[in-house]
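protein.pdb (PDB, C-alpha atoms, pLDDT in the B column)
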MODEL        1
ATOM      1  CA  MET A   1     -29.090  17.290  44.858  1.00 48.00           C
ATOM      2  CA  LEU A   2     -32.151  15.061  45.232  1.00 53.00           C
ATOM      3  CA  GLU A   3     -34.743  15.669  47.935  1.00 57.00           C
ATOM      4  CA  ASN A   4     -34.421  13.471  51.022  1.00 60.00           C
ATOM      5  CA  LYS A   5     -37.903  12.149  51.811  1.00 73.00           C
ATOM      6  CA  SER A   6     -37.050  11.540  55.473  1.00 84.00           C
ATOM      7  CA  ASP A   7     -36.281  15.199  56.222  1.00 88.00           C
ATOM      8  CA  SER A   8     -38.930  16.941  58.274  1.00 88.00           C
ATOM      9  CA  ILE A   9     -39.850  20.044  60.207  1.00 91.00           C
ATOM     10  CA  VAL A  10     -41.088  19.803  63.768  1.00 93.00           C
ATOM     11  CA  ASN A  11     -42.751  22.696  65.485  1.00 96.00           C
ATOM     12  CA  LYS A  12     -43.793  24.135  68.820  1.00 97.00           C
ATOM     13  CA  VAL A  13     -46.914  25.903  67.570  1.00 98.00           C
ATOM     14  CA  TYR A  14     -49.079  24.070  70.111  1.00 98.00           C
ATOM     15  CA  GLU A  15     -46.844  25.083  73.031  1.00 98.00           C
ATOM     16  CA  PHE A  16     -46.726  28.749  72.015  1.00 98.00           C
ATOM     17  CA  ARG A  17     -50.482  28.838  71.376  1.00 98.00           C
ATOM     18  CA  VAL A  18     -51.340  27.277  74.748  1.00 98.00           C
ATOM     19  CA  LEU A  19     -49.011  29.667  76.595  1.00 97.00           C
ATOM     20  CA  LYS A  20     -50.979  32.543  75.032  1.00 97.00           C
ATOM     21  CA  ARG A  21     -54.240  30.826  76.038  1.00 98.00           C
ATOM     22  CA  MET A  22     -55.505  30.882  72.471  1.00 98.00           C
ATOM     23  CA  SER A  23     -57.721  28.439  70.634  1.00 98.00           C
ATOM     24  CA  GLN A  24     -56.720  27.005  67.278  1.00 98.00           C
ATOM     25  CA  SER A  25     -59.416  29.179  65.731  1.00 98.00           C
ATOM     26  CA  ASP A  26     -57.997  32.310  67.371  1.00 98.00           C
ATOM     27  CA  LEU A  27     -54.498  31.670  66.031  1.00 98.00           C
ATOM     28  CA  ALA A  28     -55.837  30.727  62.608  1.00 98.00           C
ATOM     29  CA  GLU A  29     -57.701  34.020  62.348  1.00 98.00           C
ATOM     30  CA  VAL A  30     -54.657  36.055  63.378  1.00 98.00           C
ATOM     31  CA  VAL A  31     -52.329  34.445  60.817  1.00 98.00           C
ATOM     32  CA  GLY A  32     -54.916  34.132  58.028  1.00 97.00           C
ATOM     33  CA  VAL A  33     -55.467  30.381  57.705  1.00 98.00           C
ATOM     34  CA  SER A  34     -58.160  27.871  58.670  1.00 98.00           C
ATOM     35  CA  LYS A  35     -58.459  26.165  62.043  1.00 98.00           C
ATOM     36  CA  GLN A  36     -57.801  22.880  60.223  1.00 98.00           C
ATOM     37  CA  THR A  37     -54.420  24.193  59.029  1.00 98.00           C
ATOM     38  CA  ILE A  38     -53.396  24.959  62.613  1.00 98.00           C
ATOM     39  CA  PHE A  39     -54.672  21.543  63.732  1.00 98.00           C
ATOM     40  CA  VAL A  40     -52.653  19.547  61.169  1.00 97.00           C
ATOM     41  CA  MET A  41     -49.588  21.751  61.677  1.00 97.00           C
ATOM     42  CA  GLU A  42     -49.631  21.088  65.416  1.00 97.00           C
ATOM     43  CA  LYS A  43     -49.774  17.341  64.663  1.00 95.00           C
ATOM     44  CA  ASN A  44     -46.704  17.733  62.367  1.00 92.00           C
ATOM     45  CA  ASN A  45     -48.787  16.550  59.402  1.00 93.00           C
ATOM     46  CA  TYR A  46     -48.396  19.843  57.520  1.00 93.00           C
ATOM     47  CA  PHE A  47     -45.322  21.964  56.838  1.00 92.00           C
ATOM     48  CA  PRO A  48     -46.224  25.651  56.567  1.00 95.00           C
ATOM     49  CA  SER A  49     -45.048  27.915  53.806  1.00 95.00           C
ATOM     50  CA  LEU A  50     -42.196  30.237  54.688  1.00 96.00           C
ATOM     51  CA  LEU A  51     -44.651  33.152  54.706  1.00 97.00           C
ATOM     52  CA  LEU A  52     -46.946  31.405  57.184  1.00 98.00           C
ATOM     53  CA  ALA A  53     -43.993  30.421  59.371  1.00 97.00           C
ATOM     54  CA  TYR A  54     -42.932  34.087  59.491  1.00 97.00           C
ATOM     55  CA  ARG A  55     -46.471  35.203  60.330  1.00 98.00           C
ATOM     56  CA  ILE A  56     -46.651  32.752  63.232  1.00 98.00           C
ATOM     57  CA  ALA A  57     -43.194  33.640  64.551  1.00 98.00           C
ATOM     58  CA  ASN A  58     -43.881  37.376  64.262  1.00 98.00           C
ATOM     59  CA  PHE A  59     -47.189  37.006  66.088  1.00 98.00           C
ATOM     60  CA  PHE A  60     -45.481  35.258  69.006  1.00 98.00           C
ATOM     61  CA  GLY A  61     -42.534  37.692  68.903  1.00 98.00           C
ATOM     62  CA  VAL A  62     -39.861  35.041  68.359  1.00 98.00           C
ATOM     63  CA  SER A  63     -37.613  33.843  65.550  1.00 97.00           C
ATOM     64  CA  ILE A  64     -38.777  31.117  63.182  1.00 97.00           C
ATOM     65  CA  GLU A  65     -36.104  28.801  64.614  1.00 96.00           C
ATOM     66  CA  GLU A  66     -37.685  29.020  68.069  1.00 97.00           C
ATOM     67  CA  ILE A  67     -40.914  27.498  66.715  1.00 97.00           C
ATOM     68  CA  PHE A  68     -39.846  25.455  63.680  1.00 96.00           C
ATOM     69  CA  THR A  69     -36.907  23.036  63.668  1.00 94.00           C
ATOM     70  CA  TYR A  70     -35.510  21.286  60.603  1.00 92.00           C
ATOM     71  CA  LYS A  71     -34.729  17.618  61.176  1.00 90.00           C
ATOM     72  CA  LYS A  72     -32.390  16.086  58.623  1.00 89.00           C
ATOM     73  CA  GLY A  73     -33.225  12.537  57.589  1.00 82.00           C
ATOM     74  CA  GLY A  74     -30.921   9.580  57.179  1.00 60.00           C
ATOM     75  CA  ASN A  75     -29.205   9.164  53.806  1.00 51.00           C
ATOM     76  CA  GLU A  76     -28.331  12.061  51.568  1.00 48.00           C
ATOM     77  CA  ASN A  77     -28.795  11.599  47.835  1.00 46.00           C
ATOM     78  CA  VAL A  78     -26.366  13.795  45.965  1.00 40.00           C
ATOM     79  CA  GLU A  79     -25.940  13.822  42.183  1.00 39.00           C
TER      80      GLU A  79
ENDMDL
END
Encoding of this model in structure tokens:
Amino acid sequence: MLENKSDSIVNKVYEFRVLKRMSQSDLAEVVGVSKQTIFVMEKNNYFPSLLLAYRIANFFGVSIEEIFTYKKGGNENVE
């Protein structure tokens, strides 16, 4: 199966972070990444590794699916 370039992952990192009244720097420190990583993730310009997604979900006490949602693109390319 070929990768579909229009697939994406959207997230609610911003919403969860704001509800906890945390800065991007605060969250970055807790999960072990830079503030810039949190910034681009919140803008949906960066897809986190599975490990980072778990760290974020565990910190907020929710499942990965509550923060990260897979959006399937248009056409599927299957060999």
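Residue nearest Val40 (chain A) within the list A:Phe60, A:Tyr54, A:Phe68, A:Tyr14: A:Tyr14 [criterion: smallest interatomic distance, only C-alpha atoms].
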Report as a PyMOL selection string the full result of the PyMOL selection byres ((chain A and resi 24) around 10) when it is applied to this structure. chain A and resi 13-14+17-18+21-23+25-29+34-39+42
The residues within 8 Å of (-46.9, 22.8, 67.3), using all atoms listed in the file and the coordinates of the file, should be reported as a count of residues only; which are they? 12
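A straight line drawn from CA of Arg55 (chain A) to CA of Ser8 (chain A) is 19.9 Å long.
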For Val33 (chain A), which residue among A:Leu19, A:Leu52, A:Thr69, A:Tyr46 is the nearest when counting all atoms listed in the file?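 Looking at the shortest contact to Val33 (chain A), the residue is A:Leu52.
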Coordinates-based distance that separates CA of Lys20 (chain A) from CA of Ile56 (chain A) (Å, one decimal):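 The value is 12.6 Å.
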Taking all listed atoms of region 27-35 of chain A, build the axis-aligned box, pad each of the six sides by 3 Å, then write its centre and edge lengths in Å to one decimal as AutoDock Vina command-line options.
--center_x -55.4 --center_y 31.1 --center_z 61.9 --size_x 12.1 --size_y 15.9 --size_z 14.3
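One distance worth recording is that between CA of Asp7 (chain A) and CA of Tyr70 (chain A), which is 7.5 Å.
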Nearest candidate to Phe47 (chain A) (options A:Glu65, A:Gly32, A:Lys71, A:Ile9; using all atoms listed in the file): A:Ile9
